[in-house]
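Coordinates as given in my_file.txt (compact mmCIF, C-alpha atoms and all ligand atoms):
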```
# COMPACT_ATOMS: atom_id res chain seq x y z
CA MET B 1 9.14 5.48 15.62
CA LYS B 2 5.73 4.63 17.07
CA ILE B 3 2.76 4.80 14.69
CA GLY B 4 -0.63 5.48 16.25
CA VAL B 5 -3.61 4.51 14.09
CA ILE B 6 -6.58 6.56 15.27
CA GLY B 7 -9.71 4.62 14.35
CA GLY B 8 -7.53 1.60 13.63
CA THR B 9 -10.40 -0.78 14.35
CA GLY B 10 -12.07 -0.27 10.95
CA GLY B 11 -11.22 -1.70 7.55
CA GLN B 12 -8.67 0.85 6.40
CA GLY B 13 -6.98 1.41 9.77
CA LEU B 14 -6.68 -2.26 10.61
CA GLY B 15 -5.13 -2.97 7.22
CA ILE B 16 -2.62 -0.12 7.58
CA ALA B 17 -1.74 -1.28 11.11
CA LEU B 18 -1.29 -4.84 9.89
CA ARG B 19 1.14 -3.83 7.16
CA PHE B 20 3.25 -1.61 9.41
CA VAL B 21 3.44 -4.33 12.07
CA GLN B 22 4.46 -6.80 9.38
CA ALA B 23 7.17 -4.33 8.31
CA GLY B 24 8.53 -4.36 11.88
CA GLU B 25 7.26 -0.94 13.00
CA ASP B 26 5.76 -0.29 16.45
CA VAL B 27 2.03 0.28 16.09
CA ILE B 28 -0.62 1.36 18.57
CA ILE B 29 -4.23 0.85 17.51
CA GLY B 30 -6.53 3.56 18.79
CA SER B 31 -10.27 3.49 19.34
CA ARG B 32 -12.97 5.28 21.29
CA THR B 33 -13.21 2.01 23.24
CA VAL B 34 -10.10 0.27 24.52
CA ASP B 35 -11.81 -3.16 24.34
CA LYS B 36 -12.45 -2.62 20.65
CA ALA B 37 -8.81 -1.66 20.09
CA GLU B 38 -7.72 -4.80 22.02
CA ALA B 39 -9.96 -6.91 19.76
CA ALA B 40 -8.30 -5.36 16.70
CA VAL B 41 -4.86 -6.21 18.13
CA THR B 42 -6.01 -9.81 18.64
CA LYS B 43 -7.12 -9.91 15.02
CA VAL B 44 -3.71 -8.69 13.83
CA LYS B 45 -2.05 -11.37 15.96
CA GLU B 46 -4.34 -14.04 14.50
CA ILE B 47 -3.16 -13.01 11.03
CA LEU B 48 0.55 -12.37 11.71
CA GLY B 49 1.24 -14.70 14.65
CA ASP B 50 2.32 -13.64 18.12
CA VAL B 51 3.86 -10.31 17.13
CA ARG B 52 5.09 -8.06 19.94
CA ASN B 53 5.16 -4.71 18.14
CA ILE B 54 1.45 -3.89 18.41
CA ARG B 55 -0.74 -2.74 21.27
CA ALA B 56 -4.01 -0.97 21.91
CA GLY B 57 -5.20 2.23 23.53
CA ALA B 58 -7.82 4.93 23.71
CA ASN B 59 -7.46 7.48 20.90
CA PRO B 60 -6.25 10.40 23.12
CA ASP B 61 -3.62 8.20 24.84
CA VAL B 62 -2.45 6.80 21.52
CA ALA B 63 -2.01 10.34 20.18
CA GLN B 64 0.14 11.24 23.21
CA GLU B 65 2.35 8.15 22.90
CA ALA B 66 2.85 7.89 19.15
CA ASP B 67 5.38 9.83 17.06
CA VAL B 68 3.35 9.67 13.85
CA LEU B 69 -0.44 9.49 13.66
CA VAL B 70 -2.69 7.97 11.02
CA LEU B 71 -6.35 9.00 10.93
CA THR B 72 -8.77 6.40 9.55
CA VAL B 73 -12.30 7.37 10.52
CA PRO B 74 -15.34 8.25 8.38
CA LEU B 75 -15.75 11.89 7.39
CA ALA B 76 -18.69 12.29 9.78
CA ALA B 77 -16.41 11.30 12.68
CA GLN B 78 -13.37 13.31 11.55
CA LYS B 79 -13.97 16.49 13.55
CA ASP B 80 -14.89 14.89 16.90
CA THR B 81 -12.06 12.39 16.61
CA LEU B 82 -9.50 15.10 15.86
CA LEU B 83 -10.72 17.23 18.75
CA SER B 84 -10.38 14.21 21.05
CA ILE B 85 -6.67 13.89 20.19
CA ARG B 86 -5.84 17.60 19.97
CA GLU B 87 -3.30 17.70 22.82
CA GLY B 88 -1.38 14.58 21.84
CA ALA B 89 -1.32 15.46 18.16
CA LYS B 90 0.32 18.88 18.65
CA GLY B 91 3.48 19.23 16.55
CA LYS B 92 3.24 15.70 15.12
CA PRO B 93 2.70 14.48 11.55
CA LEU B 94 -0.83 13.19 11.02
CA LEU B 95 -1.50 11.13 7.92
CA ASP B 96 -5.13 11.75 7.07
CA ALA B 97 -6.86 9.06 4.99
CA THR B 98 -10.34 10.58 5.32
CA GLY B 99 -12.33 10.27 2.12
CA PRO B 100 -14.97 12.93 1.43
CA LEU B 101 -17.16 10.50 -0.48
CA GLU B 102 -20.88 11.03 -0.86
CA SER B 103 -21.36 7.63 0.77
CA ALA B 104 -20.39 9.33 4.05
CA ILE B 105 -23.86 10.90 4.00
CA GLY B 106 -25.75 8.02 2.44
CA GLY B 107 -24.94 8.81 -1.20
CA SER B 108 -22.68 7.20 -3.79
CA ALA B 109 -19.06 6.14 -3.20
CA THR B 110 -18.32 7.19 -6.78
CA LYS B 111 -19.02 10.85 -6.05
CA CYS B 112 -17.16 13.38 -3.94
CA LEU B 113 -18.59 15.86 -1.46
CA LEU B 114 -17.47 19.44 -1.91
CA LEU B 115 -16.17 20.64 1.45
CA PRO B 116 -15.84 24.36 2.25
CA GLU B 117 -12.18 23.85 3.27
CA GLY B 118 -11.41 22.31 -0.15
CA SER B 119 -10.67 18.77 1.03
CA ALA B 120 -10.93 16.50 4.06
CA ALA B 121 -7.21 16.94 4.75
CA GLN B 122 -7.50 20.75 4.70
CA ARG B 123 -10.48 20.40 7.03
CA ALA B 124 -8.28 18.35 9.40
CA GLN B 125 -5.60 21.05 9.26
CA ALA B 126 -8.18 23.75 10.07
CA ILE B 127 -9.41 21.72 13.06
CA LEU B 128 -5.87 21.05 14.36
CA PRO B 129 -3.69 23.99 13.21
CA GLU B 130 -0.77 22.88 15.40
CA THR B 131 -0.60 19.42 13.82
CA LYS B 132 1.32 18.68 10.62
CA VAL B 133 -1.45 17.24 8.48
CA ILE B 134 -0.47 15.19 5.45
CA CYS B 135 -3.02 13.73 3.07
CA ALA B 136 -2.08 10.04 2.58
CA PHE B 137 -3.44 6.55 1.87
CA ASN B 138 -6.57 7.98 0.23
CA ASN B 139 -6.21 6.04 -3.01
CA ILE B 140 -5.23 2.67 -1.51
CA SER B 141 -8.09 0.38 -0.57
CA GLN B 142 -8.35 -1.89 2.42
CA THR B 143 -8.34 -4.88 0.07
CA TRP B 144 -4.68 -4.15 -0.73
CA TRP B 145 -3.62 -3.71 2.88
CA MET B 146 -5.19 -7.02 3.87
CA VAL B 147 -3.55 -9.23 1.19
CA ILE B 148 -0.45 -9.60 3.30
CA ASP B 149 1.34 -12.20 1.20
CA GLU B 150 1.52 -9.77 -1.74
CA GLU B 151 3.43 -6.51 -2.13
CA ILE B 152 1.15 -3.48 -2.44
CA ASP B 153 1.47 -2.58 -6.09
CA CYS B 154 0.43 1.06 -5.60
CA ASP B 155 1.71 4.57 -5.23
CA CYS B 156 0.88 6.53 -2.11
CA LEU B 157 0.15 10.09 -3.18
CA ILE B 158 0.83 12.49 -0.34
CA CYS B 159 0.64 16.25 0.10
CA GLY B 160 1.16 18.63 2.99
CA ASP B 161 2.52 22.05 3.88
CA ASP B 162 5.32 20.89 6.20
CA ARG B 163 8.26 19.64 4.14
CA ASP B 164 10.12 18.20 7.12
CA ALA B 165 7.08 16.18 8.14
CA LYS B 166 6.75 14.77 4.61
CA ALA B 167 10.46 13.92 4.57
CA MET B 168 10.02 12.15 7.91
CA VAL B 169 7.04 10.00 6.90
CA THR B 170 8.17 9.10 3.37
CA PRO B 171 10.75 6.44 4.34
CA LEU B 172 8.35 5.17 6.99
CA ILE B 173 5.50 4.63 4.50
CA GLU B 174 7.93 3.03 2.06
CA LYS B 175 8.79 0.36 4.63
CA VAL B 176 5.58 -1.32 3.46
CA PRO B 177 6.81 -3.50 0.57
CA GLY B 178 5.69 -2.23 -2.84
CA LEU B 179 4.48 1.18 -1.70
CA ARG B 180 6.09 4.18 -3.36
CA VAL B 181 5.44 7.66 -2.02
CA ILE B 182 4.84 10.48 -4.48
CA ASP B 183 4.92 13.96 -2.96
CA CYS B 184 2.27 15.97 -4.81
CA GLY B 185 3.06 19.29 -3.11
CA ALA B 186 1.15 21.54 -0.75
CA LEU B 187 -1.88 20.44 1.27
CA GLU B 188 -4.31 22.13 -1.13
CA ARG B 189 -3.46 19.33 -3.59
CA ALA B 190 -5.54 17.06 -1.37
CA SER B 191 -8.64 18.36 -3.15
CA ILE B 192 -7.37 16.56 -6.25
CA ILE B 193 -5.92 13.45 -4.57
CA GLU B 194 -9.14 12.79 -2.66
CA LYS B 195 -11.19 13.00 -5.87
CA ILE B 196 -9.14 10.22 -7.48
CA THR B 197 -10.65 7.71 -5.04
CA PRO B 198 -14.28 7.92 -6.24
CA LEU B 199 -12.94 7.82 -9.81
CA LEU B 200 -11.09 4.56 -9.02
CA ILE B 201 -14.12 3.10 -7.24
CA GLY B 202 -16.29 3.90 -10.27
CA LEU B 203 -13.75 2.37 -12.67
CA ASN B 204 -13.54 -0.75 -10.57
CA ILE B 205 -17.32 -1.12 -10.49
CA ARG B 206 -17.59 -0.65 -14.27
CA ASN B 207 -14.84 -3.18 -14.91
CA LYS B 208 -15.88 -5.60 -12.15
CA CYS B 209 -12.53 -5.23 -10.36
CA GLN B 210 -11.78 -4.81 -6.69
CA PHE B 211 -10.85 -1.25 -5.70
CA GLY B 212 -7.09 -1.27 -5.36
CA GLY B 213 -5.09 1.87 -6.05
CA ILE B 214 -3.06 3.64 -8.71
CA ARG B 215 0.48 3.36 -10.06
CA ILE B 216 1.99 6.32 -11.90
CA THR B 217 4.68 5.43 -14.41
CA GLY B 218 7.43 7.37 -16.13
CA LEU B 219 8.38 9.63 -13.22
CA ASP B 220 12.02 8.63 -13.62
CA LYS B 221 11.90 8.78 -17.45
CA GLY B 222 10.56 12.29 -17.92
CA ARG B 223 7.18 11.13 -19.21
CA VAL B 224 4.53 10.83 -16.53
CA CYS B 225 1.54 8.62 -17.33
N1 LIG O 1 -11.88 1.35 3.44
C1 LIG O 1 -11.13 1.73 2.39
O1 LIG O 1 -10.81 0.94 1.49
C2 LIG O 1 -10.64 3.16 2.33
C3 LIG O 1 -9.76 3.54 1.29
C4 LIG O 1 -9.30 4.86 1.25
C5 LIG O 1 -9.71 5.78 2.22
N2 LIG O 1 -10.58 5.35 3.21
C6 LIG O 1 -11.01 6.33 4.21
O2 LIG O 1 -10.52 5.91 5.47
C7 LIG O 1 -11.48 6.24 6.48
C8 LIG O 1 -11.82 4.98 7.27
O3 LIG O 1 -12.45 4.05 6.42
P1 LIG O 1 -12.99 2.67 7.00
O4 LIG O 1 -13.59 1.94 5.87
O5 LIG O 1 -11.91 2.01 7.79
O6 LIG O 1 -14.14 3.20 8.01
P2 LIG O 1 -14.96 2.45 9.13
O7 LIG O 1 -14.53 1.03 9.20
O8 LIG O 1 -16.40 2.73 8.89
O9 LIG O 1 -14.58 3.25 10.46
C9 LIG O 1 -13.26 3.24 10.98
C10 LIG O 1 -13.34 3.52 12.47
O10 LIG O 1 -13.79 4.84 12.70
C11 LIG O 1 -14.46 4.89 13.96
N3 LIG O 1 -15.80 5.44 13.76
C12 LIG O 1 -16.77 5.00 12.95
N4 LIG O 1 -17.87 5.76 13.05
C13 LIG O 1 -17.60 6.69 13.97
C14 LIG O 1 -18.34 7.76 14.52
N5 LIG O 1 -19.59 8.05 14.11
N6 LIG O 1 -17.74 8.54 15.45
C15 LIG O 1 -16.48 8.30 15.84
N7 LIG O 1 -15.73 7.26 15.34
C16 LIG O 1 -16.29 6.49 14.42
C17 LIG O 1 -14.61 3.47 14.46
O11 LIG O 1 -13.60 3.25 15.44
P3 LIG O 1 -13.94 3.01 17.00
O12 LIG O 1 -15.39 2.59 17.09
O13 LIG O 1 -13.02 1.90 17.33
O14 LIG O 1 -13.64 4.28 17.67
C18 LIG O 1 -14.34 2.65 13.22
O15 LIG O 1 -13.84 1.37 13.49
C19 LIG O 1 -12.69 6.86 5.78
O16 LIG O 1 -12.64 8.26 5.86
C20 LIG O 1 -12.53 6.39 4.35
O17 LIG O 1 -13.10 7.28 3.41
C21 LIG O 1 -11.03 4.09 3.28
```
Rewrite the structure from the file as structure tokens, please.
Amino acid sequence: MKIGVIGGTGGQGLGIALRFVQAGEDVIIGSRTVDKAEAAVTKVKEILGDVRNIRAGANPDVAQEADVLVLTVPLAAQKDTLLSIREGAKGKPLLDATGPLESAIGGSATKCLLLPEGSAAQRAQAILPETKVICAFNNISQTWWMVIDEEIDCDCLICGDDRDAKAMVTPLIEKVPGLRVIDCGALERASIIEKITPLLIGLNIRNKCQFGGIRITGLDKGRVC
């Protein structure tokens, strides 16, 4: 299974790529500029050693080659980036991490933008109707991905309308040590999942913590907290 990280040169994408490479998966880092993607691959190799399971490419080529796509670009770049990978992304699962935070337009990272589609993930689905969009990784910060000598002590809340696609990506995501996937249902649930992120950022600021993620307990005991 090849994982293509579209916009994998930024904080979130690089961290996700790093963790999947560490878990032994084949990763292709995508960028608008191949040189920038190559530089990100070099960075991963500086951290993990001379790993062979990572390479670089232009976003449209990465989308063609990969089996599963991860989208990690700012909201303002979401539409153009998705249109640039439209052909390659057809029929494939796309894990959309896009956060509709106010900071995307110069506002606060503790507030959410209200999008006409309901959420950034639903917006992605409207832009690429033939792609199986799954909201994922929204509540896990880059600080967690980058601490590679620790397990990620977080749940990965996902939602999407294609059950087979969710069943396909769940064991893949859970290859990252510590991550547990929780399927929250249909894609419209993304409007809730995406709003948890500014809540977490606000809590972390108030309590002088680093933004990490969430862990839901009690799922197996009939008492969800
Ligand atoms: N950082 C976190 O902790 C975190 C946590 C949860 C969710 N997220 C979400 O994940 C996404 C990525 O976050 P990030 O912090 O990694 O973002 P970022 O570093 O600002 O950007 C990621 C990549 O997106 C591409 N990009 C940036 N601006 C662009 C533009 N105007 N047009 C086209 N491409 C552009 C760039 O790739 P190239 O120049 O190589 O093409 C860049 O390296 C965001 O939507 C964010 O809300 C982030």
Counting all atoms listed in the file, find the residues whose atoms lie at most 12 Å from (-3.6, 22.3, 16.6) (file coordinates) and write them out as an MDAnalysis selection string. chainID B and resid 82:94 123:133
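Nearest to Asn138 of chain B of all the residues B:Cys112, B:Ile29, B:Ile193, B:Val169 is B:Ile193, counting only C-alpha atoms.
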Would you write out, as a tab-separated table, a table of all residues in chain B that have an atom no more than 6 Å from an atom of ligand LIG 1 (chain O), listing for each the closest atom pair and the distance in Å to one decimal, considering all atoms listed in the file and ordering rows by chain and rising residue number?
```
residue	atom	partner	partner_atom	distance
B:Gly7	CA	O:LIG1	C10	4.2
B:Thr9	CA	O:LIG1	O15	4.1
B:Gly10	CA	O:LIG1	O7	3.3
B:Gly11	CA	O:LIG1	O5	3.8
B:Gln12	CA	O:LIG1	O5	3.7
B:Gly13	CA	O:LIG1	O5	5.3
B:Ser31	CA	O:LIG1	O13	3.8
B:Arg32	CA	O:LIG1	O14	3.8
B:Thr33	CA	O:LIG1	O13	5.9
B:Lys36	CA	O:LIG1	O13	5.6
B:Thr72	CA	O:LIG1	C8	4.1
B:Val73	CA	O:LIG1	O10	3.7
B:Pro74	CA	O:LIG1	O16	3.7
B:Leu75	CA	O:LIG1	O16	5.0
B:Ala77	CA	O:LIG1	N6	4.1
B:Ala97	CA	O:LIG1	O2	4.9
B:Thr98	CA	O:LIG1	O16	3.3
B:Gly99	CA	O:LIG1	O17	3.3
B:Asn138	CA	O:LIG1	C4	4.3
B:Asn139	CA	O:LIG1	C4	5.4
B:Ile140	CA	O:LIG1	C4	5.4
B:Ser141	CA	O:LIG1	O1	3.5
B:Gln142	CA	O:LIG1	O1	3.9
```
Save the residues we just selected, C-alpha atoms, as a PDB file, in the coordinates of the input?
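Just written: part_10.pdb:
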```pdb
ATOM      1  CA  GLY B   7      -9.710   4.620  14.350  1.00  0.00           C
ATOM      2  CA  THR B   9     -10.400  -0.780  14.350  1.00  0.00           C
ATOM      3  CA  GLY B  10     -12.070  -0.270  10.950  1.00  0.00           C
ATOM      4  CA  GLY B  11     -11.220  -1.700   7.550  1.00  0.00           C
ATOM      5  CA  GLN B  12      -8.670   0.850   6.400  1.00  0.00           C
ATOM      6  CA  GLY B  13      -6.980   1.410   9.770  1.00  0.00           C
ATOM      7  CA  SER B  31     -10.270   3.490  19.340  1.00  0.00           C
ATOM      8  CA  ARG B  32     -12.970   5.280  21.290  1.00  0.00           C
ATOM      9  CA  THR B  33     -13.210   2.010  23.240  1.00  0.00           C
ATOM     10  CA  LYS B  36     -12.450  -2.620  20.650  1.00  0.00           C
ATOM     11  CA  THR B  72      -8.770   6.400   9.550  1.00  0.00           C
ATOM     12  CA  VAL B  73     -12.300   7.370  10.520  1.00  0.00           C
ATOM     13  CA  PRO B  74     -15.340   8.250   8.380  1.00  0.00           C
ATOM     14  CA  LEU B  75     -15.750  11.890   7.390  1.00  0.00           C
ATOM     15  CA  ALA B  77     -16.410  11.300  12.680  1.00  0.00           C
ATOM     16  CA  ALA B  97      -6.860   9.060   4.990  1.00  0.00           C
ATOM     17  CA  THR B  98     -10.340  10.580   5.320  1.00  0.00           C
ATOM     18  CA  GLY B  99     -12.330  10.270   2.120  1.00  0.00           C
ATOM     19  CA  ASN B 138      -6.570   7.980   0.230  1.00  0.00           C
ATOM     20  CA  ASN B 139      -6.210   6.040  -3.010  1.00  0.00           C
ATOM     21  CA  ILE B 140      -5.230   2.670  -1.510  1.00  0.00           C
ATOM     22  CA  SER B 141      -8.090   0.380  -0.570  1.00  0.00           C
ATOM     23  CA  GLN B 142      -8.350  -1.890   2.420  1.00  0.00           C
TER      24      GLN B 142
END
```
As a CSV table (one decimal) with C-alpha atoms, keeping the file's coordinate frame, please: the residues near Ala109 of chain B (cut-off 9 Å, all atoms listed in the file, same-chain neighbours under 3 positions excluded).
```csv
chain,number,residue,atom,x,y,z
B,101,LEU,CA,-17.2,10.5,-0.5
B,102,GLU,CA,-20.9,11.0,-0.9
B,103,SER,CA,-21.4,7.6,0.8
B,104,ALA,CA,-20.4,9.3,4.0
B,106,GLY,CA,-25.8,8.0,2.4
B,112,CYS,CA,-17.2,13.4,-3.9
B,197,THR,CA,-10.6,7.7,-5.0
B,198,PRO,CA,-14.3,7.9,-6.2
B,201,ILE,CA,-14.1,3.1,-7.2
B,202,GLY,CA,-16.3,3.9,-10.3
```
Identify which of the residues B:Val181, B:Ala186, B:Ile16, B:Ile148 lies closest to Ala121 of chain B, counting all atoms listed in the file when measuring atom-to-atom distances.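 Comparing B:Val181, B:Ala186, B:Ile16, B:Ile148 against Ala121 of chain B, the winner is B:Ala186.
Residue nearest Arg163 of chain B within the list B:Ile134, B:Ser191, B:Ala56, B:Leu69: B:Ile134 [criterion: smallest interatomic distance, all atoms listed in the file].
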Between atom CA of Asp67 of chain B and atom CA of Lys2 of chain B, what distance in Å does the model show, to one decimal?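 Those two atoms sit 5.2 Å apart.
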Could you check how far atom CA of Leu219 of chain B sits from atom CA of Leu187 of chain B, in Å to one decimal?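 These two atoms are separated by 20.8 Å.
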Edge lengths and centre in Å to one decimal, as JSON, is what I'm after for the box along x, y and z that holds all listed atoms of segment 185-190 of chain B once 8 Å is added on each side.
```
{"center_x": -1.2, "center_y": 19.6, "center_z": -1.2, "size_x": 24.6, "size_y": 21.1, "size_z": 20.9}
```
Suppose you want the space between atom CA of Gly213 of chain B and atom CA of Ile196 of chain B; what is it in Å?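 Interatomic distance here is 9.4 Å.
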Name the residues in contact with Val44 of chain B at a cut-off of 12 Å, using only C-alpha atoms, excluding same-chain residues fewer than 2 positions from it; report them as an MDAnalysis selection string. chainID B and resid 8:9 13:22 27:29 37:42 46:56 146 148
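With distances taken over all atoms listed in the file, B:Thr110 is the one residue among B:Pro100, B:Gly222, B:Arg180, B:Thr110 lying closest to Leu203 of chain B.
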Please determine, counting all atoms listed in the file, which residue among B:Ala58, B:Ile214, B:Ile6, B:Cys156 has the shortest atom-to-atom distance to Leu179 of chain B. B:Cys156
Hey, which of B:Thr143, B:Glu151, B:Cys184, B:Gln122 ends up closest to Gln210 of chain B? Count all atoms listed in the file.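 The answer is B:Thr143, which sits nearest to Gln210 of chain B.
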